[in-house]
$ cat data.csv   # CSV, C-alpha atoms and all ligand atoms
chain,number,residue,atom,x,y,z
U,30,MET,CA,0.0,0.0,0.0
U,31,SER,CA,1.4,3.4,-0.9
U,32,GLU,CA,1.5,6.2,1.5
U,33,ASN,CA,-0.6,9.3,1.0
U,34,THR,CA,1.9,11.6,-0.7
U,35,ASN,CA,-0.6,14.2,-1.9
U,36,ASP,CA,0.5,17.3,0.0
U,37,GLN,CA,-2.9,18.9,-0.3
U,38,LYS,CA,-5.0,16.0,0.9
U,39,PRO,CA,-6.2,16.3,4.5
U,40,LEU,CA,-4.8,13.9,7.0
U,41,LEU,CA,-6.7,10.6,7.5
U,42,SER,CA,-9.1,10.4,10.4
U,43,ASP,CA,-8.2,8.1,13.3
U,44,ILE,CA,-10.6,5.4,12.0
U,45,GLU,CA,-9.0,5.5,8.6
U,46,VAL,CA,-5.5,5.2,10.1
U,47,VAL,CA,-6.7,2.2,12.3
U,48,ARG,CA,-8.3,0.5,9.3
U,49,ARG,CA,-5.1,0.9,7.3
U,50,ILE,CA,-3.0,-0.5,10.2
U,51,PHE,CA,-5.3,-3.5,10.4
U,52,THR,CA,-4.8,-4.1,6.6
U,53,HIS,CA,-1.0,-4.0,7.2
U,54,ILE,CA,-1.2,-6.3,10.2
U,55,ASP,CA,-3.3,-8.8,8.2
U,56,ASN,CA,-1.0,-8.7,5.1
U,57,ALA,CA,2.4,-8.2,6.8
U,58,THR,CA,2.8,-4.9,4.8
U,59,THR,CA,3.5,-1.3,5.6
U,60,ASP,CA,3.1,2.0,3.8
U,61,LEU,CA,5.6,2.5,1.0
U,62,GLY,CA,6.9,5.7,-0.5
U,63,LYS,CA,7.1,6.3,-4.2
U,64,GLN,CA,10.9,6.8,-4.4
U,65,SER,CA,14.1,6.1,-2.6
U,66,TRP,CA,16.7,8.7,-1.9
U,67,GLN,CA,20.5,9.1,-1.7
U,68,GLU,CA,21.6,12.0,0.5
U,69,PRO,CA,25.3,13.0,0.2
U,70,THR,CA,27.2,12.6,3.4
U,71,ASP,CA,28.8,15.9,2.8
U,72,ASN,CA,25.5,17.5,3.5
U,73,TYR,CA,25.8,16.2,7.1
U,74,ARG,CA,29.5,17.3,7.5
U,75,SER,CA,29.8,20.6,5.7
U,76,LYS,CA,29.9,23.9,7.5
U,77,GLU,CA,28.7,25.6,4.3
U,78,ARG,CA,25.7,23.3,4.1
U,79,LEU,CA,24.9,24.0,7.7
U,80,GLU,CA,25.1,27.8,7.1
U,81,SER,CA,22.6,27.4,4.2
U,82,GLU,CA,20.3,25.3,6.4
U,83,LEU,CA,20.4,28.1,9.0
U,84,LYS,CA,19.5,30.6,6.3
U,85,ILE,CA,16.5,28.3,5.4
U,86,LEU,CA,15.5,28.3,9.1
U,87,GLN,CA,15.9,32.1,9.2
U,88,SER,CA,13.8,32.7,6.1
U,89,ARG,CA,10.6,30.8,7.0
U,90,SER,CA,8.0,30.2,9.7
U,91,ILE,CA,9.1,27.7,12.3
U,92,VAL,CA,7.7,26.4,15.6
U,93,PHE,CA,9.3,28.1,18.6
U,94,CYS,CA,7.4,26.4,21.4
U,95,PRO,CA,3.9,25.3,22.4
U,96,SER,CA,1.7,28.1,23.6
U,97,SER,CA,1.4,26.6,27.0
U,98,ALA,CA,5.2,27.0,27.5
U,99,ILE,CA,4.5,30.8,28.0
U,100,ALA,CA,0.9,30.5,29.3
U,101,LYS,CA,0.8,33.6,31.6
U,102,ILE,CA,1.4,37.3,31.1
U,103,GLY,CA,5.1,38.0,31.5
U,104,ASP,CA,6.2,34.4,30.8
U,105,TYR,CA,9.2,34.4,28.5
U,106,ILE,CA,11.6,32.0,26.8
U,107,ALA,CA,15.0,33.3,25.6
U,108,ARG,CA,17.0,31.1,23.3
U,109,ASP,CA,18.7,31.0,19.9
U,110,VAL,CA,16.7,30.2,16.8
U,111,ALA,CA,18.9,29.4,13.8
U,112,SER,CA,21.9,30.9,15.7
U,113,VAL,CA,20.0,34.2,16.4
U,114,PRO,CA,19.3,35.0,20.0
U,115,LEU,CA,15.5,35.7,20.4
U,116,ILE,CA,13.2,36.3,23.3
U,117,VAL,CA,9.5,35.4,23.1
U,118,VAL,CA,7.3,36.9,25.8
U,119,ARG,CA,3.6,37.1,26.5
U,120,GLY,CA,2.4,40.7,26.9
U,121,LEU,CA,-0.1,42.4,29.2
U,122,ASP,CA,-2.7,42.0,26.3
U,123,GLY,CA,-2.1,38.2,26.2
U,124,VAL,CA,-0.3,38.5,22.8
U,125,ALA,CA,3.0,36.5,22.4
U,126,ARG,CA,5.7,38.7,20.8
U,127,ALA,CA,9.3,37.9,19.7
U,128,PHE,CA,12.2,40.2,19.9
U,129,ARG,CA,15.9,40.0,19.0
U,130,ASN,CA,17.5,39.4,22.4
U,131,ALA,CA,19.8,42.5,22.6
U,132,CYS,CA,19.6,45.7,24.5
U,133,ARG,CA,19.4,48.9,22.4
U,134,HIS,CA,22.0,50.6,24.5
U,135,ARG,CA,25.1,48.4,24.1
U,136,GLY,CA,23.6,45.1,22.9
U,137,VAL,CA,23.7,42.9,26.1
U,138,GLN,CA,21.2,40.1,26.1
U,139,LEU,CA,18.1,40.9,28.2
U,140,ALA,CA,17.4,37.4,29.5
U,141,ASN,CA,18.5,33.8,29.3
U,142,GLY,CA,16.4,30.6,29.6
U,143,HIS,CA,12.9,31.0,30.8
U,144,GLY,CA,10.9,32.8,33.5
U,145,CYS,CA,8.2,35.3,34.3
U,146,THR,CA,8.7,39.0,34.5
U,147,ARG,CA,6.9,42.4,34.6
U,148,ALA,CA,9.5,44.1,32.4
U,149,LEU,CA,12.7,43.2,30.5
U,150,VAL,CA,15.5,45.0,32.4
U,151,CYS,CA,19.0,44.9,31.0
U,152,PRO,CA,21.5,43.5,33.5
U,153,TYR,CA,24.2,45.9,32.4
U,154,HIS,CA,22.9,49.5,33.0
U,155,GLY,CA,19.3,48.8,33.7
U,156,TRP,CA,17.5,50.0,30.5
U,157,ALA,CA,14.0,48.7,31.0
U,158,TYR,CA,11.6,47.5,28.3
U,159,SER,CA,7.8,46.8,28.6
U,160,LEU,CA,6.5,43.4,27.6
U,161,ASP,CA,5.5,44.9,24.3
U,162,GLY,CA,9.2,45.8,23.6
U,163,SER,CA,8.9,49.5,24.1
U,164,LEU,CA,11.7,51.3,25.9
U,165,ARG,CA,10.2,52.4,29.2
U,166,ASN,CA,13.1,53.7,31.3
U,167,ILE,CA,16.7,54.8,30.9
U,168,PRO,CA,18.4,55.3,34.3
U,169,HIS,CA,19.9,58.8,34.4
U,170,GLU,CA,18.2,59.6,31.1
U,171,GLN,CA,19.8,63.1,31.0
U,172,GLY,CA,23.0,61.4,29.8
U,173,PHE,CA,21.3,60.4,26.5
U,174,PRO,CA,20.0,63.6,25.0
U,175,ASP,CA,20.0,62.1,21.5
U,176,VAL,CA,18.1,58.9,22.3
U,177,ASP,CA,14.4,59.0,21.2
U,178,LYS,CA,12.9,56.4,23.5
U,179,ALA,CA,9.9,56.0,21.2
U,180,THR,CA,12.1,54.6,18.4
U,181,ARG,CA,14.6,52.6,20.6
U,182,GLY,CA,12.3,49.7,21.5
U,183,LEU,CA,13.4,46.1,21.1
U,184,VAL,CA,13.7,44.9,17.5
U,185,GLU,CA,10.6,42.8,16.9
U,186,VAL,CA,10.5,39.6,14.9
U,187,ALA,CA,7.2,38.2,13.4
U,188,CYS,CA,5.5,35.9,15.9
U,189,PHE,CA,2.2,34.1,15.3
U,190,GLU,CA,0.2,31.8,17.6
U,191,SER,CA,-2.0,29.1,16.1
U,192,ASN,CA,-3.4,25.7,17.1
U,193,GLY,CA,-1.5,25.7,20.4
U,194,LEU,CA,1.8,26.5,18.9
U,195,ILE,CA,3.9,29.7,18.7
U,196,PHE,CA,5.6,30.3,15.4
U,197,ILE,CA,8.3,32.8,14.6
U,198,ASN,CA,9.7,34.1,11.3
U,199,GLN,CA,12.8,36.2,11.0
U,200,ASN,CA,12.1,37.1,7.4
U,201,PRO,CA,10.2,40.4,7.3
U,202,ARG,CA,8.9,39.6,3.8
U,203,ALA,CA,7.5,36.1,4.7
U,204,ASP,CA,3.9,35.1,4.5
U,205,ILE,CA,3.5,33.4,7.9
U,206,GLU,CA,-0.2,32.5,7.5
U,207,GLN,CA,0.5,30.7,4.2
U,208,ASP,CA,3.4,28.8,5.7
U,209,ILE,CA,1.3,27.3,8.5
U,210,ALA,CA,-2.1,27.0,6.7
U,211,CYS,CA,-1.9,23.2,6.3
U,212,ILE,CA,-0.9,22.5,9.9
U,213,PRO,CA,-3.9,20.9,11.7
U,214,ASN,CA,-5.0,21.7,15.3
U,215,LEU,CA,-2.4,19.5,17.0
U,216,ILE,CA,-2.4,20.9,20.5
U,217,PRO,CA,-5.8,21.5,22.1
U,218,ASP,CA,-6.5,24.8,24.0
U,219,ASN,CA,-6.8,23.1,27.4
U,220,THR,CA,-3.2,21.7,27.5
U,221,ARG,CA,-0.7,22.9,30.1
U,222,LEU,CA,3.1,22.5,30.3
U,223,LEU,CA,4.2,19.6,32.4
U,224,ASN,CA,7.9,20.1,32.0
U,225,SER,CA,10.5,21.4,29.6
U,226,SER,CA,14.2,20.6,29.2
U,227,SER,CA,17.2,21.2,26.8
U,228,GLN,CA,20.0,18.9,26.0
U,229,ILE,CA,23.1,19.0,23.7
U,230,VAL,CA,23.3,16.1,21.2
U,231,ASN,CA,26.7,15.6,19.6
U,232,ALA,CA,25.3,14.9,16.1
U,233,ASN,CA,24.1,16.7,13.0
U,234,TRP,CA,20.5,17.8,13.5
U,235,LYS,CA,19.2,15.8,10.5
U,236,LEU,CA,20.7,12.5,11.7
U,237,TYR,CA,18.9,13.1,15.0
U,238,LEU,CA,15.6,14.1,13.3
U,239,GLU,CA,15.7,11.1,10.9
U,240,SER,CA,15.7,8.6,13.9
U,241,SER,CA,12.1,9.7,14.7
U,242,LEU,CA,10.6,9.4,11.2
U,243,GLU,CA,10.6,5.7,10.4
U,244,GLY,CA,9.5,2.3,11.9
U,245,TYR,CA,12.0,0.2,10.0
U,246,HIS,CA,14.5,0.2,13.0
U,247,ILE,CA,12.0,-0.9,15.7
U,248,ARG,CA,13.0,-4.5,15.8
U,249,GLN,CA,16.7,-4.0,15.7
U,250,THR,CA,17.2,-0.8,17.8
U,251,HIS,CA,14.4,-1.2,20.3
U,252,LYS,CA,14.6,-5.0,20.9
U,253,SER,CA,13.4,-5.0,24.4
U,254,THR,CA,11.6,-1.7,24.6
U,255,PHE,CA,9.3,-0.8,21.7
U,256,PHE,CA,9.5,-4.0,19.6
U,257,PRO,CA,7.8,-6.3,22.2
U,258,VAL,CA,4.7,-3.9,22.3
U,259,GLN,CA,4.7,-2.5,18.8
U,260,TYR,CA,5.3,-4.0,15.3
U,261,ASP,CA,8.3,-4.5,13.1
U,262,ASN,CA,8.4,-2.0,10.2
U,263,LEU,CA,4.7,-1.1,10.3
U,264,THR,CA,3.8,2.5,9.9
U,265,VAL,CA,1.2,4.7,8.2
U,266,VAL,CA,2.9,7.7,6.6
U,267,GLU,CA,1.1,10.8,5.3
U,268,ALA,CA,2.1,14.2,3.8
U,269,PHE,CA,0.6,17.5,4.6
U,270,GLY,CA,2.4,20.4,2.9
U,271,GLN,CA,6.1,20.0,3.5
U,272,ASN,CA,5.3,18.1,6.7
U,273,SER,CA,4.7,14.4,7.5
U,274,ARG,CA,2.8,12.3,9.9
U,275,VAL,CA,3.9,8.8,10.8
U,276,ALA,CA,1.6,6.5,12.8
U,277,PHE,CA,3.4,3.9,14.9
U,278,PRO,CA,0.8,1.3,16.2
U,279,TYR,CA,1.0,-0.6,19.5
U,280,GLN,CA,-0.2,-4.2,19.6
U,281,SER,CA,-3.0,-2.9,21.9
U,282,ILE,CA,-4.6,-1.5,18.8
U,283,GLU,CA,-6.0,-5.0,18.3
U,284,GLY,CA,-8.5,-4.1,21.0
U,285,LEU,CA,-10.2,-1.8,18.5
U,286,ARG,CA,-11.0,-4.6,16.0
U,287,GLY,CA,-14.7,-4.4,15.3
U,288,LYS,CA,-15.1,-1.2,17.4
U,289,GLU,CA,-14.1,1.2,14.7
U,290,GLN,CA,-16.4,4.2,15.3
U,291,ALA,CA,-16.1,7.9,15.2
U,292,ASP,CA,-15.7,8.4,19.0
U,293,MET,CA,-13.1,5.6,19.5
U,294,SER,CA,-9.8,6.7,21.1
U,295,VAL,CA,-6.4,5.8,19.7
U,296,ASP,CA,-4.7,7.3,22.8
U,297,GLY,CA,-2.2,4.7,24.0
U,298,ARG,CA,-2.8,2.4,21.0
U,299,LEU,CA,-0.7,4.3,18.6
U,300,THR,CA,1.8,7.2,18.6
U,301,TYR,CA,1.5,9.8,15.9
U,302,VAL,CA,4.8,11.5,15.1
U,303,TYR,CA,4.3,14.8,13.3
U,304,HIS,CA,7.3,16.2,11.5
U,305,LEU,CA,6.7,20.0,11.1
U,306,PHE,CA,9.2,20.9,8.5
U,307,PRO,CA,12.1,21.5,8.9
U,308,ASN,CA,13.2,21.0,12.5
U,309,VAL,CA,10.3,20.2,14.8
U,310,VAL,CA,8.7,16.8,15.9
U,311,ILE,CA,5.5,16.5,17.9
U,312,SER,CA,4.7,13.0,19.2
U,313,THR,CA,1.6,11.8,20.9
U,314,PHE,CA,1.8,9.6,24.0
U,315,PRO,CA,-0.9,8.4,26.4
U,316,GLY,CA,-2.4,11.6,28.0
U,317,CYS,CA,0.4,13.9,26.7
U,318,MET,CA,2.3,15.3,23.7
U,319,GLN,CA,5.9,16.0,23.4
U,320,VAL,CA,7.2,18.9,21.3
U,321,ASN,CA,10.8,18.6,20.2
U,322,VAL,CA,12.6,21.5,18.6
U,323,LEU,CA,16.0,20.8,17.1
U,324,GLU,CA,18.3,23.8,17.1
U,325,PRO,CA,21.4,23.2,14.9
U,326,ILE,CA,24.5,24.6,16.7
U,327,ASP,CA,27.0,23.5,14.1
U,328,GLU,CA,27.4,20.7,11.6
U,329,SER,CA,27.9,18.1,14.4
U,330,THR,CA,26.1,19.6,17.4
U,331,THR,CA,22.4,20.0,18.0
U,332,ARG,CA,20.5,21.5,21.0
U,333,GLN,CA,17.2,19.7,21.6
U,334,HIS,CA,14.5,21.6,23.4
U,335,THR,CA,11.7,19.4,24.7
U,336,TYR,CA,8.3,20.5,25.9
U,337,LEU,CA,5.8,18.0,27.4
U,338,VAL,CA,2.2,19.2,27.4
U,339,SER,CA,-1.0,17.6,28.7
U,340,GLY,CA,-4.7,18.2,29.0
U,341,ILE,CA,-4.8,16.4,32.3
U,342,CYS,CA,-5.5,18.6,35.4
U,343,GLU,CA,-3.1,18.8,38.3
U,344,SER,CA,-5.7,17.1,40.6
U,345,GLU,CA,-5.9,14.0,38.4
U,346,THR,CA,-2.9,12.3,40.0
U,347,VAL,CA,-3.7,8.8,38.9
U,348,LEU,CA,-3.8,9.9,35.2
U,349,LEU,CA,-0.7,11.9,35.7
U,350,ASN,CA,1.1,8.9,37.2
U,351,GLY,CA,0.2,7.1,34.0
U,352,VAL,CA,1.8,9.9,31.9
U,353,THR,CA,5.0,9.6,34.0
U,354,GLU,CA,5.1,5.9,33.5
U,355,GLY,CA,4.6,6.3,29.7
U,356,GLN,CA,7.3,8.9,29.6
U,357,ASN,CA,9.8,6.8,31.5
U,358,PHE,CA,9.1,4.0,28.9
U,359,ALA,CA,9.5,6.4,26.0
U,360,ALA,CA,12.7,7.8,27.5
U,361,LYS,CA,14.3,4.3,27.4
U,362,GLY,CA,13.6,4.1,23.7
U,363,ALA,CA,14.9,7.6,23.2
U,364,ILE,CA,18.2,6.6,24.8
U,365,GLU,CA,18.5,3.7,22.3
U,366,ASP,CA,17.8,6.1,19.5
U,367,LEU,CA,20.4,8.6,20.8
U,368,GLU,CA,23.1,5.9,20.9
U,369,ILE,CA,22.4,4.9,17.3
U,370,VAL,CA,22.4,8.6,16.2
U,371,LEU,CA,25.8,9.2,17.9
U,372,SER,CA,27.1,6.1,16.2
U,373,ALA,CA,25.8,7.3,12.8
U,374,GLN,CA,27.6,10.6,13.5
U,375,GLN,CA,30.9,8.7,14.1
U,376,GLY,CA,30.2,6.6,11.0
U,377,LEU,CA,30.3,9.8,8.9
U,378,ALA,CA,33.9,10.3,10.0
U,379,SER,CA,34.8,6.9,8.5
U,380,LYS,CA,34.2,8.4,5.0
U,381,ALA,CA,32.9,5.0,3.9
U,382,ASN,CA,29.8,6.5,2.3
U,383,GLU,CA,29.4,9.2,-0.3
U,384,TYR,CA,25.7,9.2,0.5
U,385,LEU,CA,23.2,7.6,2.9
U,386,GLU,CA,20.5,5.4,1.5
U,387,PHE,CA,16.8,5.9,2.3
U,388,GLY,CA,14.4,3.3,1.1
U,389,LEU,CA,10.6,3.1,0.5
U,390,PHE,CA,9.9,2.5,4.2
U,391,GLU,CA,11.7,5.8,5.1
U,392,SER,CA,9.5,8.1,3.0
U,393,ALA,CA,9.0,10.7,5.7
U,394,ILE,CA,12.8,11.2,5.6
U,395,VAL,CA,12.8,11.3,1.8
U,396,ARG,CA,10.2,14.1,2.0
U,397,LEU,CA,12.4,16.0,4.5
U,398,HIS,CA,15.3,15.9,2.1
U,399,THR,CA,13.2,16.6,-1.0
U,400,HIS,CA,11.8,19.7,0.6
U,401,LEU,CA,15.2,20.8,2.1
U,402,ALA,CA,16.7,20.5,-1.4
U,403,LYS,CA,13.9,22.7,-2.8
U,404,GLU,CA,14.4,25.3,0.0
U,405,PHE,CA,18.1,25.2,-0.5
U,406,GLU,CA,17.5,26.1,-4.2
U,407,ARG,CA,15.1,28.9,-3.2
U,408,VAL,CA,17.5,30.4,-0.7
U,409,SER,CA,20.5,30.2,-3.2
U,410,LYS,CA,18.4,31.9,-5.9
U,411,ALA,CA,17.4,34.7,-3.4
U,412,LYS,CA,21.1,35.1,-2.6
U,413,GLU,CA,22.0,35.4,-6.3
U,414,GLN,CA,19.4,38.1,-6.8
U,415,MET,CA,20.7,40.2,-3.9
U,501,LIG,S1,23.7,47.4,27.5
U,501,LIG,FE1,21.7,47.4,28.3
U,501,LIG,S2,21.6,49.0,29.6
U,501,LIG,FE2,23.6,49.1,28.9
U,502,FE,FE,13.6,4.8,17.6
$ encode --input "data.csv" --output "structure tokens" --more "lines below"
Ligand code: FES
Ligand SMILES: [Fe+2]
Amino acid sequence: MSENTNDQKPLLSDIEVVRRIFTHIDNATTDLGKQSWQEPTDNYRSKERLESELKILQSRSIVFCPSSAIAKIGDYIARDVASVPLIVVRGLDGVARAFRNACRHRGVQLANGHGCTRALVCPYHGWAYSLDGSLRNIPHEQGFPDVDKATRGLVEVACFESNGLIFINQNPRADIEQDIACIPNLIPDNTRLLNSSSQIVNANWKLYLESSLEGYHIRQTHKSTFFPVQYDNLTVVEAFGQNSRVAFPYQSIEGLRGKEQADMSVDGRLTYVYHLFPNVVISTFPGCMQVNVLEPIDESTTRQHTYLVSGICESETVLLNGVTEGQNFAAKGAIEDLEIVLSAQQGLASKANEYLEFGLFESAIVRLHTHLAKEFERVSKAKEQM
């Protein structure tokens, strides 16, 4: 059975996905892409290539974090996006805004990490900015007769909140709404942030990303974790815009045989992995969703930002314990993936391969590289015209 590669077609409903999974179980098949792909290993090793990929990230709308990561007025997150330090903060009016993270006096960063504040105050000399970025106070202002406070607010970057996610775009000419039009409502309004963390991964960001996007490795890599409760090489793969969704069923999906109806729940019976092009992966787990943002640091280093969100209330401790259990289980699998990814990074140094092979089972990765190649061309053309 071929995967749905029509970018414009809506995603299948849960029932349709479940039916497709049953067909695969019954026939020992899986979704197949239409083409294989050879990606040059230089594209994982080259500094120039990484520079171009950062340009791609800087020129389009990308997910910054889930809305619930800055739920309250004054909540902020300060971190690099494609090597550019930004701060995203929720204003008094409830609107999330993004700014370049540099004071307009002598450029010091206004914040690091995350927190909640009433104003952004520079740690160097105390210039203070309101949550909407306007310059509110200059200590000993008489020393700056030429500074017009009204025009020295923080430098704003386009920021857009939609379907439970905050997107930013550093390109002033970009059409944000068009970029995100095909992204479905992934994160319901009632979700809250359970936790967030960051970690450095000593591997190229694409090697790391690729490990989430196929089920061909389940038997070999996850022998005693996922394989005993999932299936070997059985996924449903769909395209939406430049993005993909890969459904990984658990054997407990058998409990839905004969019960396929509109209100059935696939929670805990399959994991959907949404790849939001280029660098974000959102995965569904029982009672929660994990948002992973991959920030390329250099060609062999990635910073992974993880946000765990859930619609379960704080008072529902039994359900929350279930989430913790599920996450502990997923974390074991993630360690196995990480070991493989680090090994693949080392494998690049062997110079054995001019390219990496991606087969018909790995079509979400083929889509990633197809669209990256197109974006690469677009950015190169734009550069030539400058
Ligand atoms: S650099 Fe920020 S107040 Fe001086
Ligand atoms: Fe894996």
$ closest_residue --input "data.csv" --among "U:Ile229, U:Leu389, U:Leu222, U:Leu183" --to "U:Val322" --atoms "all atoms listed in the file"
U:Ile229
$ residues_near_point --input "data.csv" --point "(30.1, 6.0, -1.5)" --cutoff "12 Å" --atoms "only C-alpha atoms" --output "mmCIF file with C-alpha atoms, in the frame of the given file"
data_model
loop_
_atom_site.group_PDB
_atom_site.id
_atom_site.type_symbol
_atom_site.label_atom_id
_atom_site.label_comp_id
_atom_site.auth_asym_id
_atom_site.auth_seq_id
_atom_site.Cartn_x
_atom_site.Cartn_y
_atom_site.Cartn_z
ATOM 1 C CA GLN U 67 20.500 9.100 -1.700
ATOM 2 C CA GLU U 68 21.600 12.000 0.500
ATOM 3 C CA PRO U 69 25.300 13.000 0.200
ATOM 4 C CA THR U 70 27.200 12.600 3.400
ATOM 5 C CA ASP U 71 28.800 15.900 2.800
ATOM 6 C CA LEU U 377 30.300 9.800 8.900
ATOM 7 C CA SER U 379 34.800 6.900 8.500
ATOM 8 C CA LYS U 380 34.200 8.400 5.000
ATOM 9 C CA ALA U 381 32.900 5.000 3.900
ATOM 10 C CA ASN U 382 29.800 6.500 2.300
ATOM 11 C CA GLU U 383 29.400 9.200 -0.300
ATOM 12 C CA TYR U 384 25.700 9.200 0.500
ATOM 13 C CA LEU U 385 23.200 7.600 2.900
ATOM 14 C CA GLU U 386 20.500 5.400 1.500
#
$ residues_around --input "data.csv" --residues "U:Pro114" --least-positions-apart "5" --cutoff "6 Å" --atoms "only C-alpha atoms" --output "list in words"
Arg108, Asp109 and Asn130 of chain U
$ write_last_selection --input "data.csv" --atoms "C-alpha atoms" --output "compact mmCIF listing (two decimals), keeping the file's coordinate frame"
# COMPACT_ATOMS: atom_id res chain seq x y z
CA ARG U 108 17.00 31.10 23.30
CA ASP U 109 18.70 31.00 19.90
CA ASN U 130 17.50 39.40 22.40
$ residues_around --input "data.csv" --residues "U:Glu404" --least-positions-apart "2" --cutoff "12 Å" --atoms "all atoms listed in the file" --output "PyMOL selection string"
chain U and resi 81-89+271+306-307+397-402+406-411
$ residues_near_ligand --input "data.csv" --ligand "ligand LIG 501 (chain U)" --cutoff "10 Å" --atoms "only C-alpha atoms and all ligand atoms" --output "list in words"
Ala131, Cys132, Arg133, His134, Arg135, Gly136, Val137, Gln138, Leu139, Val150, Cys151, Pro152, Tyr153, His154, Gly155, Trp156, Ala157, Asn166, Ile167 and Pro168 of chain U
$ closest_residue --input "data.csv" --among "U:Ile282, U:Val186, U:Ala127, U:Ala100" --to "U:Phe51" --atoms "only C-alpha atoms"
U:Ile282
$ closest_residue --input "data.csv" --among "U:Glu354, U:Asp122, U:Asp261, U:Glu343" --to "ligand FE 502 (chain U)" --atoms "all atoms listed in the file"
U:Asp261
$ residues_around --input "data.csv" --residues "U:Asp292" --least-positions-apart "5" --cutoff "12 Å" --atoms "all atoms listed in the file" --output "count of residues only"
4
$ atom_distance --input "data.csv" --atom1 "atom CA of U:Cys145" --atom2 "atom CA of U:Arg119"
9.2 Å
